[in-house]
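Participant: For reference, the structure I am asking about is given below.
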Amino acid sequence: MPVSADDALEVALIVNGTPVRVAGDPTRPLLAVLREELGLVGSRFGCGLEQCGACMVLIDGTPEFSCSREIGNLAGRTVTTIEGLGGGRGLHLLQQALLDEQAGQCGYCLSGIMVSGAALLARTTRPSRQDILAALDRHLCRCGVHNRVVRAVQRAGAAMESAAAEETGA
Amino acid sequence: MIPNTLPQSLVDNPLLSDWVGFEQDGKVRVSTGKVEIGQGILTALVQIAAEELEVSPGRIRAVSGETSAGPNEGVTAGSTSVAMSGAAIRLACAEVRALVLAHGAERLGVPAESLVIEDGRLRRGGRDTGLDYWSLAAQIDLDRPATGSASTKSPTQYRVVGTSLPRIDLPAKIEGRGFIHDIVAPDLLHARVVHRPWQGARLVSLDEAAVRRATGLPVDIRREGDFVAITGDREFAVQRAALAARDKAAWEGGTPLPDDTNSPGWVLAQPSRSRVVDTGTPPAREAGEVVAATYWRPFQTYGSIGPSCGLAALSDGHLTVWSHTQNPYALRDQIARCLGLAADAVTVLHRQAAGCYGHNTADDAAFDAAFLATRWPGRTVRVLFTREDEFLAAPMGAAMVIGLSAELDADRRPARWTIDIASPVHSNRPGSHGHHGFRSREALPDPPPQPAVRNDNPDAAGGGATRNGHALYDLPFHRMIHHTVDPIPLRTSSLRGLGAFGNIFAIESFMDELAEAAGQDAVAYRLSLLSDPRARAVIEAAAAMCGWPGAGPPGEGRGLGLGFGRYKNRAAYMAVAAEVEVDEAVRLVKIWGAADCGLVITPDGALNQLEGGIIQAASWTLKEELRFAEGKVATSTWEDYPILRFSEIPEIELRLVGDRHNPPLGVGEAAMGPTAAAIGNAVARALGTRIRSLPLSRERIMAALLA
């Protein structure tokens with residue numbers, strides 16, 4: 001990772017499980033650091049105004065807009081992007097469920113939606129339709145795959161329960 | 001039956017090698033001029049190719065929209081790709097299969113009829129012959145014109161077509177890959193263009209020092225004429241500078257727009273050219289009662305979630321452009337023309353972006369990148385639109401004022417039907433009607449001359465403002481009056497469905513009004529005027545699905561409504577029913593849809609398109625209109641332009657009712673108009689009064705309740 005000679009501007013954080021140090025203007029947005037400096041281009045620029053959700057990442061497990069979070073405030077925080085959602089063990093079950101439900105058209109909004117969906121599933125594996133709609137309401141989708149996404153989140157929840165049961169049973 | 005005549009795409013790109021090639025790694029290249037814009041077309045075309053070639057879909061590598069390699073099939077638009085490119089690929093692949101079979105038979109000294117192909121391998125009597133496409137292809141010259149003589153499979157033999165092959169582009173996208181925005185080059189130069197607020201605006205001043213202060217990092221500010229671009233090595237700095245420049249630039253002159261631009265009054269006050277098209281026989285004597293109503297569809301925007309992106313690099317005199325354009329060849333030609341290059345000095349490579357629901361800023365971003373690449377030779381210039389300029393500078397869906405009137409006969413059926421459409425043009429793409437189509441080229445010095453007049457899409461090509469203007473009902477006399485509102489100081493162009501959205505909303509709202517005037521049920525009244533059995537079938541299916549006519553009297557806050565259309569009067573048939581609750585705003589309870597798309601290549605893909613169309617059309621219908629202030633589009637963020645959100649999405653139930661023996665009919669835009677009409681009719685029933693202007697916003701509902 002690039003390290004500046006000027007330690008005052010350096011920020012250390014954990015991204016997708018890996019400690020990283022980035023240096024530069026502390027006001028630059030997390031999204032720019034991810035895309036430009038760390039090569040993690042899965043988080044998407046949509047509006048830059050926290051209005052569309054395409055840039056959503058997990059910060060310490062909570063979905064946050066990365067387009068306007070300043071990197072200087074994130075020292076010591078843990079960031080998870082779509083690239084790290086599966087925790088290094090292949091696809092997250094929600095990613096697989098989106099494939100199974102064919103919950104996509106253009107796909108541009110999906111990185112952010114999966115991040116928020118995964119956070120919901122971490123709280124409950126049996127979310128109701130209303131729970132899912134509420135959890136994803138900060139995300140805009142223009143192609144109209146909303147109902148497929150709802151089904152994918154529910155399918156992923158069921159898959160998570162099966163996986164947990166298998167682990168317990170083993 | 002699916003006709004076996006040579007389709008236009010094969011006439012234009014006759015060589016078999018334009019379409020099919022066999023690659024070293026056991027893959028088959030299938031090329032298409034059509035491009036993936038979120039609609040899933042490449043998956044459907046792969047299925048068609050796999051079916052005719054008898055290879056598994058996984059062997060096929062789709063090459064799409066590359067001017068250096070692929071066929072030129074014009075623009076990917078109008079729900080025509082399966083019909084156009086699919087027909088060409090079907091015939092080309094069938095012919096390649098026949099050639100290979102004949103060659104293999106000769107090699108083996110057996111009759112061709114005794115051979116079959118399984119996943120690319122030639123088999124005879126249940127045994128592998130040792131021959132396959134790849135071993136035989138080297139001996140067969142595919143640089144030969146397609147004849148169209150090979151027989152294609154009958155739909156009853158289909159094994160791949162008609163099944164729901166998973167989208168081939170989705171695996172990358174759910175991992176966060178696959179978009180033009182992600183292209184990385186070591187010499188990348190980030191750029192933003194500061195777009196003019198209105199047409200003809202002259203840049204009086206730009207406070208460059210303030211722009212630089214906003215970034216903290218070095219950026220280059222390039223001014224040529226009234227064109228301004230910010231470039232630099234760090235994207236976030238360029239983005240900040242561009243947003244600052246929007247506020248630090250002063251403009252004058254040109255044609256600033258009045259605040260009431262998005263209104264019927266303004267549209268009707270603009271210059272226009274009119275024509276009248278009569279069909280049928282006028283009634284011999286004056287008919288009875290006249291019913292008339294006027295409807296309004298506002299200027300709207302396509303609103304992709306991802307801003308447009310274009311990249312370009314000039315190297316050794318050759319310009320390479322990466323773009324999510326809908327028409328790579330036209331983009332190449334217009335870039336060449338506008339930059340004074342030979343067409344063969346420009347290559348356009350299609351790369352995927354966020355969903356495209358019509359003529360968006362993809363071509364503008366590509367031109368901007370191409371122009372800047374000529375100023376930064378050796379660098380790969382990457383242009384991204386800001387969200388703010390997506391609203392400000394994008395071509396907009398054309399507003400429509402639609403008047404309908406019907407003189408009723410003794411049986412309360414329309415004896416004389418008139419539709420009067422006033423609308424700006426619905427097509428303004430690069431290359432159409434001699435226009436280059438690039439917003440920035442007008443801001444640069446010495447723009448090439450543009451034609452003084454803009455014409456709309458001709459009716460024979462499906463029309464623009466007149467698309468679906470001719471109601472599909474049995475009407476003895478039909479008059480269409482079409483006013484092309486032109487010239488106007490706005491760039492209007494194709495938004496998904498073009499005029500079909502407004503026209504079907506108007507016609508199907510009017511049908512409900514006529515049924516009411518006749519004292520008849522809205523579905524029964526439609527069916528009494530409709531002899532096309534496929535049209536009747538989708539209406540009857542949708543009515544059955546929703547439990548038409550539903551319970552409850554009108555005017556009590558809840559209602560069911562139905563709308564029908566056959567897109568372009570020649571693509572898919574669709575009927576939509578909607579149930580709504582209305583208090584201060586409209587809540588969508590549930591939506592049902594029935595469609596006849598003929599042969600469906602990918603049923604799940606068709607359902608995805610239809611449902612997506614319903615949701616997008618519902619959003620247009622309930623929420624969307626551009627606002628104008630201070631001479632320009634004042635809409636600049638999603639807060640100014642709300643679209644339907646997750647919490648507002650109804651459950652949707654769909655059925656495909658077509659017959660696979662009928663030719664495939666385009667599905668991508670079929671849902672738009674019927675959805676608007678279904679919601680409009682449901683709201684009218686819930687309110688007990690009709691709102692004829694879109695969107696059916698909270699303000700309009702409140703006004704109707706207070707009236």
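All residue names refer to the structure tokens as shown: chains lettered A, B, ... in order, residues numbered from 1 in each chain, ligands numbered from 1 in order.
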Using only C-alpha atoms, which protein or nucleic acid residues come within 12 Å of Val57 (chain A)? Drop anything in the same chain fewer than 3 positions from it, and give the result as a PyMOL selection string.

Facilitator: chain A and resi 15-16+30-31+34+40-45+50+53-54+60-69+78-85+110-119

Participant: Which residues, written as a list in words, have at least one atom at most 9 Å from Met702 (chain B), with only C-alpha atoms counted and residues fewer than 6 positions away on the same chain left out?

Facilitator: Asp583, Glu584 and Ala585 of chain B

Participant: Those same residues - all heavy atoms - I'd like them written as a CSV table (one decimal), in the first residue's frame.

Facilitator:
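Written output follows (result-v3.csv):
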chain,number,residue,atom,x,y,z
B,583,ASP,N,-54.9,7.9,-0.5
B,583,ASP,CA,-55.4,8.9,0.4
B,583,ASP,C,-54.8,10.2,0.0
B,583,ASP,O,-55.4,10.9,-0.9
B,583,ASP,CB,-55.0,8.6,1.9
B,583,ASP,CG,-53.6,8.0,2.0
B,583,ASP,OD1,-52.7,8.6,1.4
B,583,ASP,OD2,-53.5,7.0,2.7
B,584,GLU,N,-53.6,10.6,0.5
B,584,GLU,CA,-53.0,11.9,0.0
B,584,GLU,C,-52.1,11.5,-1.2
B,584,GLU,O,-51.8,12.3,-2.0
B,584,GLU,CB,-52.2,12.6,1.0
B,584,GLU,CG,-53.1,13.2,2.1
B,584,GLU,CD,-52.3,13.9,3.2
B,584,GLU,OE1,-51.1,13.9,3.1
B,584,GLU,OE2,-52.9,14.4,4.1
B,585,ALA,N,-51.6,10.3,-1.2
B,585,ALA,CA,-50.8,9.8,-2.3
B,585,ALA,C,-51.2,8.4,-2.7
B,585,ALA,O,-52.1,7.8,-2.1
B,585,ALA,CB,-49.3,9.8,-1.8

Participant: Pick out the residues sitting within 10 Å of Pro57 (chain B), and hand them over as a list in words; count only C-alpha atoms, and ignore anything fewer than 5 positions along from it in its own chain.

Facilitator: Lys27, Val28, Thr43, Leu45, Val46, Gln47, Ile48, Ala49, Ala50, Glu51, Asp119, Val160, Leu165 and Ile168 of chain B

Participant: Taking N, CA and C atoms for each residue, export the selection above as a compact mmCIF listing (two decimals), in the first residue's frame.

Facilitator:
# COMPACT_ATOMS: atom_id res chain seq x y z
N LYS B 27 -13.78 -22.76 -27.96
CA LYS B 27 -14.86 -21.79 -27.84
C LYS B 27 -15.37 -21.41 -29.23
N VAL B 28 -16.58 -20.88 -29.24
CA VAL B 28 -17.16 -20.37 -30.47
C VAL B 28 -17.38 -18.88 -30.29
N THR B 43 -27.39 -12.83 -23.45
CA THR B 43 -27.80 -14.17 -23.02
C THR B 43 -28.76 -14.78 -24.03
N LEU B 45 -29.11 -14.05 -27.20
CA LEU B 45 -28.44 -14.33 -28.49
C LEU B 45 -27.53 -15.55 -28.37
N VAL B 46 -26.89 -15.72 -27.23
CA VAL B 46 -26.08 -16.93 -27.02
C VAL B 46 -26.97 -18.17 -27.10
N GLN B 47 -28.15 -18.09 -26.54
CA GLN B 47 -29.06 -19.25 -26.61
C GLN B 47 -29.43 -19.58 -28.05
N ILE B 48 -29.72 -18.55 -28.83
CA ILE B 48 -30.10 -18.79 -30.23
C ILE B 48 -28.94 -19.44 -30.97
N ALA B 49 -27.72 -18.93 -30.75
CA ALA B 49 -26.55 -19.50 -31.43
C ALA B 49 -26.29 -20.93 -30.97
N ALA B 50 -26.37 -21.16 -29.67
CA ALA B 50 -26.13 -22.51 -29.14
C ALA B 50 -27.13 -23.50 -29.72
N GLU B 51 -28.36 -23.06 -29.86
CA GLU B 51 -29.42 -23.93 -30.38
C GLU B 51 -29.10 -24.36 -31.81
N ASP B 119 -22.75 -30.89 -28.87
CA ASP B 119 -21.80 -29.98 -28.24
C ASP B 119 -20.56 -29.76 -29.11
N VAL B 160 -32.53 -25.36 -26.09
CA VAL B 160 -31.90 -24.26 -25.35
C VAL B 160 -32.79 -23.01 -25.39
N LEU B 165 -31.86 -19.70 -19.49
CA LEU B 165 -30.41 -19.70 -19.24
C LEU B 165 -30.09 -18.53 -18.32
N ILE B 168 -25.57 -14.29 -18.60
CA ILE B 168 -24.15 -14.58 -18.70
C ILE B 168 -23.30 -13.47 -18.08

Participant: Using only C-alpha atoms and a distance of at most 7 Å, pull out the residues of chain A that contact chain B, as a VMD selection string.

Facilitator: chain A and resid 28 32 41 to 43 45 to 47 51 82 to 83 95 99 102 104 to 111 133 to 134 136 to 137 140 to 146

Participant: Restricting it to C-alpha atoms, dump the selection as a tab-separated table (two decimals), in the first residue's frame.

Facilitator:
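Heads up, here's the output in out-v3.tsv:
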chain	number	residue	atom	x	y	z
A	28	ARG	CA	-10.94	12.46	0.50
A	32	ALA	CA	-12.10	7.23	-3.72
A	41	VAL	CA	-13.68	-1.04	-7.73
A	42	GLY	CA	-16.77	-3.04	-6.76
A	43	SER	CA	-18.18	-0.19	-4.68
A	45	PHE	CA	-20.10	5.89	-7.55
A	46	GLY	CA	-23.70	6.83	-8.18
A	47	CYS	CA	-24.35	10.31	-6.89
A	51	GLN	CA	-28.86	9.43	-2.03
A	82	ILE	CA	-18.54	-6.30	-1.92
A	83	GLU	CA	-15.16	-7.86	-2.64
A	95	GLN	CA	-24.39	-13.25	-3.73
A	99	LEU	CA	-27.60	-15.55	-8.96
A	102	GLN	CA	-31.46	-13.90	-11.27
A	104	GLY	CA	-30.23	-8.35	-11.58
A	105	GLN	CA	-30.54	-6.49	-14.83
A	106	CYS	CA	-27.79	-3.94	-15.28
A	107	GLY	CA	-26.29	-4.82	-11.90
A	108	TYR	CA	-24.95	-1.36	-11.07
A	109	CYS	CA	-26.90	-1.03	-7.81
A	110	LEU	CA	-26.22	-4.57	-6.64
A	111	SER	CA	-22.89	-4.09	-4.86
A	133	LEU	CA	-37.90	-3.29	1.99
A	134	ALA	CA	-37.06	-1.13	5.00
A	136	LEU	CA	-32.93	-1.56	1.44
A	137	ASP	CA	-34.91	1.65	1.24
A	140	LEU	CA	-32.18	3.08	-5.65
A	141	CYS	CA	-32.64	0.53	-8.42
A	142	ARG	CA	-33.75	1.81	-11.80
A	143	CYS	CA	-34.14	-1.50	-13.68
A	144	GLY	CA	-36.82	-2.76	-11.30
A	145	VAL	CA	-35.37	-5.93	-9.79
A	146	HIS	CA	-36.64	-5.07	-6.30

Participant: Check region 555-672 of chain B with DSSP on the backbone and list each residue it calls helix (DSSP H, G or I), as a list in words.

Facilitator: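 Selecting the helix (DSSP H, G or I) positions of region 555-672 of chain B gives Tyr567, Lys568, Asn569, Pro603, Asp604, Gly605, Ala606, Leu607, Asn608, Gln609, Leu610, Glu611, Gly612, Gly613, Ile614, Ile615, Gln616, Ala617, Ala618, Ser619, Trp620, Thr621, Leu622, Phe646, Ser647, Glu648 and Met672 of chain B.
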
Participant: Show which residues sit within 8 Å of Val150 (chain A), as a ChimeraX atom specification. Count only C-alpha atoms, and ignore same-chain residues fewer than 2 positions away.

Facilitator: /A:129,132-133,146-148,152-154

Participant: How would the residues just chosen look if you wrote them out with N, CA and C atoms as a compact mmCIF listing (two decimals), in the first residue's frame?

Facilitator:
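Result file result_20.txt:
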# COMPACT_ATOMS: atom_id res chain seq x y z
N ARG A 129 -40.82 -9.54 4.29
CA ARG A 129 -40.76 -8.65 3.14
C ARG A 129 -40.62 -7.20 3.60
N ILE A 132 -37.14 -6.36 4.77
CA ILE A 132 -36.18 -6.22 3.66
C ILE A 132 -36.38 -4.89 2.94
N LEU A 133 -37.63 -4.56 2.68
CA LEU A 133 -37.90 -3.29 1.99
C LEU A 133 -37.37 -2.12 2.82
N HIS A 146 -36.41 -5.10 -7.75
CA HIS A 146 -36.64 -5.07 -6.30
C HIS A 146 -37.23 -6.37 -5.76
N ASN A 147 -38.27 -6.86 -6.41
CA ASN A 147 -38.93 -8.07 -5.88
C ASN A 147 -38.03 -9.29 -5.96
N ARG A 148 -37.20 -9.34 -6.99
CA ARG A 148 -36.24 -10.45 -7.08
C ARG A 148 -35.20 -10.35 -5.96
N ALA A 152 -34.27 -13.01 -3.08
CA ALA A 152 -32.89 -13.46 -2.90
C ALA A 152 -32.47 -13.32 -1.44
N VAL A 153 -32.84 -12.24 -0.79
CA VAL A 153 -32.47 -12.06 0.61
C VAL A 153 -33.12 -13.16 1.45
N GLN A 154 -34.37 -13.46 1.17
CA GLN A 154 -35.03 -14.52 1.93
C GLN A 154 -34.41 -15.88 1.65

Participant: Mind checking DSSP for region 8-163 of chain A and telling me the strand (DSSP E or B) residues as a list in words?

Facilitator: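 Those residues are Glu10, Val11, Ala12, Leu13, Ile14, Val15, Thr18, Pro19, Val20, Arg21, Val22, Ala23, Pro29, Met56, Val57, Leu58, Ile59, Thr62, Pro63, Glu64, Phe65, Glu70, Thr78, Val79 and Thr80 of chain A.
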
Participant: Those residues you just picked out, can you put them in a file as a short mmCIF file (atom, residue, chain, number, x, y, z; two decimals), in the first residue's frame with N, CA, C and O atoms?

Facilitator:
data_model
loop_
_atom_site.label_atom_id
_atom_site.label_comp_id
_atom_site.auth_asym_id
_atom_site.auth_seq_id
_atom_site.Cartn_x
_atom_site.Cartn_y
_atom_site.Cartn_z
N GLU A 10 -1.41 9.92 7.46
CA GLU A 10 -1.58 8.50 7.21
C GLU A 10 -2.71 7.94 8.07
O GLU A 10 -2.87 8.31 9.22
N VAL A 11 -3.49 7.05 7.48
CA VAL A 11 -4.60 6.44 8.19
C VAL A 11 -4.44 4.93 8.09
O VAL A 11 -4.23 4.40 6.99
N ALA A 12 -4.55 4.26 9.22
CA ALA A 12 -4.50 2.80 9.21
C ALA A 12 -5.90 2.27 9.50
O ALA A 12 -6.57 2.73 10.42
N LEU A 13 -6.34 1.37 8.69
CA LEU A 13 -7.65 0.75 8.88
C LEU A 13 -7.62 -0.67 8.34
O LEU A 13 -6.59 -1.10 7.80
N ILE A 14 -8.70 -1.38 8.55
CA ILE A 14 -8.76 -2.76 8.07
C ILE A 14 -9.81 -2.83 6.96
O ILE A 14 -10.96 -2.43 7.17
N VAL A 15 -9.38 -3.28 5.80
CA VAL A 15 -10.29 -3.38 4.66
C VAL A 15 -10.37 -4.84 4.24
O VAL A 15 -9.35 -5.45 3.89
N THR A 18 -7.87 -7.10 5.81
CA THR A 18 -6.44 -6.85 5.67
C THR A 18 -6.11 -5.45 6.21
O THR A 18 -6.75 -4.48 5.82
N PRO A 19 -5.11 -5.36 7.09
CA PRO A 19 -4.70 -4.03 7.54
C PRO A 19 -4.09 -3.24 6.39
O PRO A 19 -3.27 -3.78 5.64
N VAL A 20 -4.52 -2.01 6.21
CA VAL A 20 -3.94 -1.17 5.16
C VAL A 20 -3.62 0.19 5.76
O VAL A 20 -4.21 0.61 6.75
N ARG A 21 -2.63 0.86 5.15
CA ARG A 21 -2.30 2.23 5.53
C ARG A 21 -2.40 3.07 4.28
O ARG A 21 -1.82 2.71 3.24
N VAL A 22 -3.15 4.13 4.35
CA VAL A 22 -3.27 5.01 3.18
C VAL A 22 -2.91 6.41 3.62
O VAL A 22 -3.10 6.79 4.77
N ALA A 23 -2.38 7.16 2.68
CA ALA A 23 -1.89 8.49 3.02
C ALA A 23 -2.37 9.52 2.02
O ALA A 23 -2.56 9.21 0.85
N PRO A 29 -12.88 11.09 0.07
CA PRO A 29 -13.90 10.12 0.45
C PRO A 29 -13.37 8.68 0.46
O PRO A 29 -12.49 8.32 -0.32
N MET A 56 -22.48 1.74 -1.02
CA MET A 56 -22.61 1.27 0.37
C MET A 56 -21.54 0.24 0.72
O MET A 56 -21.27 -0.69 -0.04
N VAL A 57 -20.92 0.43 1.88
CA VAL A 57 -19.96 -0.54 2.43
C VAL A 57 -20.31 -0.75 3.90
O VAL A 57 -21.10 0.01 4.47
N LEU A 58 -19.74 -1.78 4.49
CA LEU A 58 -19.90 -1.97 5.93
C LEU A 58 -18.75 -1.27 6.64
O LEU A 58 -17.58 -1.47 6.27
N ILE A 59 -19.07 -0.46 7.62
CA ILE A 59 -18.04 0.09 8.51
C ILE A 59 -18.34 -0.45 9.90
O ILE A 59 -19.42 -0.18 10.45
N THR A 62 -21.76 -2.00 10.02
CA THR A 62 -22.97 -1.21 9.74
C THR A 62 -22.91 -0.64 8.33
O THR A 62 -21.87 -0.08 7.94
N PRO A 63 -23.99 -0.74 7.56
CA PRO A 63 -23.95 -0.18 6.21
C PRO A 63 -23.80 1.34 6.25
O PRO A 63 -24.55 2.03 6.95
N GLU A 64 -22.83 1.84 5.51
CA GLU A 64 -22.58 3.28 5.45
C GLU A 64 -22.28 3.68 4.00
O GLU A 64 -21.67 2.92 3.26
N PHE A 65 -22.68 4.90 3.65
CA PHE A 65 -22.34 5.43 2.33
C PHE A 65 -20.85 5.76 2.30
O PHE A 65 -20.37 6.52 3.14
N GLU A 70 -15.29 10.72 5.09
CA GLU A 70 -13.90 11.15 4.92
C GLU A 70 -12.95 10.12 5.52
O GLU A 70 -13.16 9.65 6.64
N THR A 78 -13.06 -0.89 10.67
CA THR A 78 -13.06 -2.08 9.81
C THR A 78 -14.06 -1.87 8.67
O THR A 78 -15.24 -1.61 8.92
N VAL A 79 -13.57 -1.95 7.46
CA VAL A 79 -14.40 -1.71 6.28
C VAL A 79 -14.55 -3.01 5.49
O VAL A 79 -13.56 -3.72 5.28
N THR A 80 -15.77 -3.31 5.11
CA THR A 80 -16.02 -4.47 4.25
C THR A 80 -16.75 -4.01 3.00
O THR A 80 -17.77 -3.34 3.08
#
